[in-house]
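S.K.: Here it is: the structure, laid out below.
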Amino acid sequence: MISDNDQTGAKPLLSRDSSISAGSFNQMPRRRVSGKLAKPERHQSFSRDIGHAASETYLLTRLTITLLRYLGVGYRWITRLAALGFYAALLMPGFLKVAYYYFFSSQIRRSIVYGDQPRNRLDLYLPKNLDEPKPVVAFVTGGAWIIGYKAWGCLLGQQLAERDIIVACIDYRNFPQGTIGDMVTDASQGISFICNNIAEYGGDPNRIYLMGQSAGAHISACVLLDQAIREAKGEESISWSVSQIKTYFGLSGGYNLCKLVDHFNNRGLYRSLFLSIMEGEESLQLYSPGVRIEDPSIGNAVSLLPPIILFHGTADYSIPSFSSKDFAAALKRLGAQTELILFDGKTHTDLFLQDPLRGGKDEMFDHLVAVIHAGDEEALAKDALAPPRKRLVPEVLLRMARHISPF
């Protein structure tokens, strides 16, 4: 690990009615039929989980088919799609364990509705002990703005919940269900819901952290800066404030799209597709936090931002580490409290997938927990005694997956 402190327009695919069903089940009371309970609670819960799994699978399948129709046939994305299939197969032992936890754990509140658009849902990962308010991480998942999904944060949610931290994984419309403006709007609404309602689920509204990974880091950075700009301009119609965010964590994010568009094209995210996602070339600067913070018209917005910590692997070829380096340098130059932590030789998926699946000690995870629990001596003492995280995938499969990863 290397710290910089040591260095000198598409239509929605689902109607609102059809998207509500999975989240609504969790709030349905038990019914009586002819004076008797319809089903024992355990059977009803199992049926609900199966129905939820089927609903989510249908949604993802439908979006994938629509996306493939949009993409047409291209050599790069076909080869990467094939690599993704092999990559997932190699990590399947771990994915199956995580999937079982996701669908059947009593510590997860799935598909809580936070807005009225398709996919305006979030999952909450709760610690076993909720005897006192817990710190909260609002997490925006990655997925190249195309395949992002709230369940991708399950492993992070599970492991942070084991350290007495609540995790809220925010789902949002992906392309072609929505464009970048929709994604930013959805994520902001999700954060607003968390800030205003997390106390009802055992969270501490005074200890909320924002985190994003890959495309999710870009989206959440856009949301945070947009909110700061609105507050700097004195807008009154706001439902949450940047002052409610204790720290922002950006993991393997891209913050200057103008410098990345050609790189993405060479990696298989073709320029025409990427510009469609970003609402045209003229919008690239608007949705580039690294560019926008230099704009004098935003006033004192940068000074309103919370402390920012950026994580990035130096062997990341999906989004090169210069993206975080440049963003951190610009933020520091403008006076924002910023820390850049680089992980030597780590790829785009090492920090978020392979390392957590490997179990044991994890520098990034330990740093994350240390920041969140800073000042809480009891929590830090528990962290010091916490058992090592369990290995979920054999080392040989992890090494093979790392070499074949399309990311």
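Naming scheme: A, B, ... for chains in displayed order of the structure tokens; residues 1 onward per chain; ligands 1 onward as shown.
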Just want the 8 Å neighbourhood of Ala301 in chain A, counted on only C-alpha atoms, with same-chain residues fewer than 5 positions away dropped. Output as a list in words.
M.R.: Leu225, Ala228, Ile229, Glu231 and Ala232 of chain A
S.K.: Would you mind listing what lies within 10 Å of Gln244 in chain A as a list in words, with only C-alpha atoms counted and same-chain residues fewer than 5 positions away left out?
M.R.: Ser192, Cys195, Pro205, Asn206, Arg207, Ile208, Tyr209, Leu210 and Pro306 of chain A
S.K.: Take the residues from that selection and write them out as an mmCIF file, in the first residue's frame, keeping N, CA and C atoms.
M.R.:
```cif
data_model
loop_
_atom_site.group_PDB
_atom_site.id
_atom_site.type_symbol
_atom_site.label_atom_id
_atom_site.label_comp_id
_atom_site.auth_asym_id
_atom_site.auth_seq_id
_atom_site.Cartn_x
_atom_site.Cartn_y
_atom_site.Cartn_z
ATOM 1 N N SER A 192 -30.435 10.629 0.314
ATOM 2 C CA SER A 192 -31.416 11.410 1.070
ATOM 3 C C SER A 192 -32.249 10.507 1.970
ATOM 4 N N CYS A 195 -30.092 9.400 4.931
ATOM 5 C CA CYS A 195 -29.883 10.484 5.895
ATOM 6 C C CYS A 195 -31.124 10.745 6.751
ATOM 7 N N PRO A 205 -27.604 8.727 12.479
ATOM 8 C CA PRO A 205 -27.653 9.739 11.411
ATOM 9 C C PRO A 205 -26.501 10.737 11.471
ATOM 10 N N ASN A 206 -25.761 10.729 12.575
ATOM 11 C CA ASN A 206 -24.607 11.621 12.701
ATOM 12 C C ASN A 206 -23.299 10.951 12.283
ATOM 13 N N ARG A 207 -23.396 9.682 11.873
ATOM 14 C CA ARG A 207 -22.189 8.963 11.420
ATOM 15 C C ARG A 207 -22.504 8.235 10.111
ATOM 16 N N ILE A 208 -22.694 9.026 9.058
ATOM 17 C CA ILE A 208 -22.984 8.478 7.740
ATOM 18 C C ILE A 208 -21.795 8.721 6.826
ATOM 19 N N TYR A 209 -21.340 7.667 6.174
ATOM 20 C CA TYR A 209 -20.204 7.724 5.255
ATOM 21 C C TYR A 209 -20.706 7.359 3.854
ATOM 22 N N LEU A 210 -20.126 7.985 2.853
ATOM 23 C CA LEU A 210 -20.508 7.709 1.468
ATOM 24 C C LEU A 210 -19.350 7.012 0.771
ATOM 25 N N PRO A 306 -16.872 16.958 2.448
ATOM 26 C CA PRO A 306 -16.314 16.252 3.606
ATOM 27 C C PRO A 306 -14.904 15.760 3.294
#
```
S.K.: Give me the range 81-187 of chain A side of the contact with range 217-221 of chain A, cut-off 12 Å, one line per residue showing its nearest atom pair and distance in Å at one decimal, counting only C-alpha atoms, sorted by chain and residue number, as a Markdown table.
M.R.:
```
| residue | atom | partner | partner_atom | distance |
| --- | --- | --- | --- | --- |
| A:Ala138 | CA | A:Ser220 | CA | 9.6 |
| A:Phe139 | CA | A:Ser220 | CA | 8.6 |
| A:Val140 | CA | A:Ser220 | CA | 6.6 |
| A:Thr141 | CA | A:Ala217 | CA | 7.7 |
| A:Gly142 | CA | A:Ala217 | CA | 7.2 |
| A:Gly143 | CA | A:Ala217 | CA | 10.5 |
| A:Ala144 | CA | A:His218 | CA | 10.1 |
| A:Trp145 | CA | A:Ile219 | CA | 8.8 |
| A:Gly148 | CA | A:Ile219 | CA | 11.2 |
| A:Ile170 | CA | A:Ser220 | CA | 10.4 |
| A:Asp171 | CA | A:Ile219 | CA | 11.7 |
| A:Tyr172 | CA | A:Ile219 | CA | 10.2 |
| A:Arg173 | CA | A:Ile219 | CA | 11.6 |
| A:Asn174 | CA | A:Ile219 | CA | 11.2 |
| A:Thr179 | CA | A:Ile219 | CA | 11.3 |
| A:Ile180 | CA | A:Ile219 | CA | 7.9 |
| A:Gly181 | CA | A:Ile219 | CA | 9.4 |
| A:Asp182 | CA | A:Ile219 | CA | 10.2 |
| A:Met183 | CA | A:Ile219 | CA | 7.0 |
| A:Val184 | CA | A:Ile219 | CA | 5.8 |
| A:Thr185 | CA | A:Ile219 | CA | 9.5 |
| A:Asp186 | CA | A:Ile219 | CA | 9.8 |
| A:Ala187 | CA | A:Ser220 | CA | 6.9 |
```
S.K.: Please produce a file of those selected residues containing N, CA and C atoms, as a PDB file, in the first residue's frame.
M.R.:
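Listed below is the output, again.pdb:
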```pdb
ATOM      1  N   ALA A 138     -23.227   4.429   3.109  1.00  0.00           N
ATOM      2  CA  ALA A 138     -24.091   4.439   1.923  1.00  0.00           C
ATOM      3  C   ALA A 138     -23.203   4.091   0.738  1.00  0.00           C
ATOM      4  N   PHE A 139     -23.479   2.957   0.095  1.00  0.00           N
ATOM      5  CA  PHE A 139     -22.581   2.435  -0.933  1.00  0.00           C
ATOM      6  C   PHE A 139     -23.255   2.417  -2.297  1.00  0.00           C
ATOM      7  N   VAL A 140     -22.556   2.969  -3.295  1.00  0.00           N
ATOM      8  CA  VAL A 140     -23.030   2.978  -4.682  1.00  0.00           C
ATOM      9  C   VAL A 140     -22.139   2.031  -5.479  1.00  0.00           C
ATOM     10  N   THR A 141     -22.733   0.966  -5.996  1.00  0.00           N
ATOM     11  CA  THR A 141     -21.953  -0.068  -6.680  1.00  0.00           C
ATOM     12  C   THR A 141     -21.519   0.370  -8.076  1.00  0.00           C
ATOM     13  N   GLY A 142     -20.498  -0.329  -8.595  1.00  0.00           N
ATOM     14  CA  GLY A 142     -20.033  -0.090  -9.951  1.00  0.00           C
ATOM     15  C   GLY A 142     -20.720  -1.019 -10.946  1.00  0.00           C
ATOM     16  N   GLY A 143     -20.190  -1.021 -12.180  1.00  0.00           N
ATOM     17  CA  GLY A 143     -20.781  -1.845 -13.230  1.00  0.00           C
ATOM     18  C   GLY A 143     -20.773  -1.155 -14.578  1.00  0.00           C
ATOM     19  N   ALA A 144     -19.765  -0.282 -14.799  1.00  0.00           N
ATOM     20  CA  ALA A 144     -19.601   0.388 -16.100  1.00  0.00           C
ATOM     21  C   ALA A 144     -20.837   1.176 -16.526  1.00  0.00           C
ATOM     22  N   TRP A 145     -21.620   1.646 -15.568  1.00  0.00           N
ATOM     23  CA  TRP A 145     -22.849   2.406 -15.823  1.00  0.00           C
ATOM     24  C   TRP A 145     -23.894   1.575 -16.574  1.00  0.00           C
ATOM     25  N   GLY A 148     -24.487  -2.216 -13.221  1.00  0.00           N
ATOM     26  CA  GLY A 148     -24.498  -1.979 -11.781  1.00  0.00           C
ATOM     27  C   GLY A 148     -25.742  -2.564 -11.138  1.00  0.00           C
ATOM     28  N   ILE A 170     -27.179   1.082  -2.582  1.00  0.00           N
ATOM     29  CA  ILE A 170     -28.187   1.821  -3.343  1.00  0.00           C
ATOM     30  C   ILE A 170     -28.238   1.320  -4.785  1.00  0.00           C
ATOM     31  N   ASP A 171     -29.406   0.903  -5.229  1.00  0.00           N
ATOM     32  CA  ASP A 171     -29.589   0.553  -6.631  1.00  0.00           C
ATOM     33  C   ASP A 171     -29.982   1.808  -7.399  1.00  0.00           C
ATOM     34  N   TYR A 172     -29.760   1.790  -8.701  1.00  0.00           N
ATOM     35  CA  TYR A 172     -30.080   2.956  -9.530  1.00  0.00           C
ATOM     36  C   TYR A 172     -30.278   2.482 -10.967  1.00  0.00           C
ATOM     37  N   ARG A 173     -30.956   3.298 -11.749  1.00  0.00           N
ATOM     38  CA  ARG A 173     -31.169   2.950 -13.148  1.00  0.00           C
ATOM     39  C   ARG A 173     -29.841   2.938 -13.902  1.00  0.00           C
ATOM     40  N   ASN A 174     -29.587   1.870 -14.641  1.00  0.00           N
ATOM     41  CA  ASN A 174     -28.406   1.753 -15.487  1.00  0.00           C
ATOM     42  C   ASN A 174     -28.809   2.029 -16.938  1.00  0.00           C
ATOM     43  N   THR A 179     -29.849   7.326 -18.279  1.00  0.00           N
ATOM     44  CA  THR A 179     -28.542   7.879 -18.606  1.00  0.00           C
ATOM     45  C   THR A 179     -27.923   8.450 -17.333  1.00  0.00           C
ATOM     46  N   ILE A 180     -26.753   9.059 -17.449  1.00  0.00           N
ATOM     47  CA  ILE A 180     -25.994   9.467 -16.267  1.00  0.00           C
ATOM     48  C   ILE A 180     -26.787  10.426 -15.374  1.00  0.00           C
ATOM     49  N   GLY A 181     -27.587  11.298 -15.984  1.00  0.00           N
ATOM     50  CA  GLY A 181     -28.387  12.213 -15.173  1.00  0.00           C
ATOM     51  C   GLY A 181     -29.370  11.476 -14.277  1.00  0.00           C
ATOM     52  N   ASP A 182     -29.964  10.406 -14.812  1.00  0.00           N
ATOM     53  CA  ASP A 182     -30.881   9.583 -14.021  1.00  0.00           C
ATOM     54  C   ASP A 182     -30.142   8.866 -12.896  1.00  0.00           C
ATOM     55  N   MET A 183     -28.935   8.387 -13.195  1.00  0.00           N
ATOM     56  CA  MET A 183     -28.150   7.668 -12.193  1.00  0.00           C
ATOM     57  C   MET A 183     -27.784   8.583 -11.026  1.00  0.00           C
ATOM     58  N   VAL A 184     -27.374   9.810 -11.349  1.00  0.00           N
ATOM     59  CA  VAL A 184     -27.014  10.775 -10.312  1.00  0.00           C
ATOM     60  C   VAL A 184     -28.239  11.140  -9.479  1.00  0.00           C
ATOM     61  N   THR A 185     -29.364  11.351 -10.149  1.00  0.00           N
ATOM     62  CA  THR A 185     -30.605  11.679  -9.434  1.00  0.00           C
ATOM     63  C   THR A 185     -31.014  10.553  -8.493  1.00  0.00           C
ATOM     64  N   ASP A 186     -30.959   9.303  -8.998  1.00  0.00           N
ATOM     65  CA  ASP A 186     -31.339   8.153  -8.181  1.00  0.00           C
ATOM     66  C   ASP A 186     -30.433   8.018  -6.959  1.00  0.00           C
ATOM     67  N   ALA A 187     -29.122   8.109  -7.178  1.00  0.00           N
ATOM     68  CA  ALA A 187     -28.181   7.952  -6.071  1.00  0.00           C
ATOM     69  C   ALA A 187     -28.394   9.043  -5.024  1.00  0.00           C
TER      70      ALA A 187
END
```
S.K.: Could you please determine the separation between CA of Ala151 in chain A and CA of Pro289 in chain A in Å, to one decimal place?
M.R.: 26.0 Å
S.K.: Give the answer as one residue: which of A:His403, A:Ser272, A:Asp295, A:Ser323 has the shortest atom-to-atom distance to Leu257 in chain A, using only C-alpha atoms?
M.R.: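 Distance minimum relative to Leu257 in chain A lands on A:Ser323.
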S.K.: Given only C-alpha atoms as the basis, pick out the residue of A:Leu380, A:Leu96, A:Met364, A:Leu155 nearest to Lys346 in chain A.
M.R.: A:Met364
S.K.: List every residue of range 93-337 of chain A that DSSP, applied to the backbone, labels as strand (DSSP E), and write the result as a PyMOL selection string.
M.R.: chain A and resi 108-113+121-125+134-140+166-170+203-213+245-251+308-313
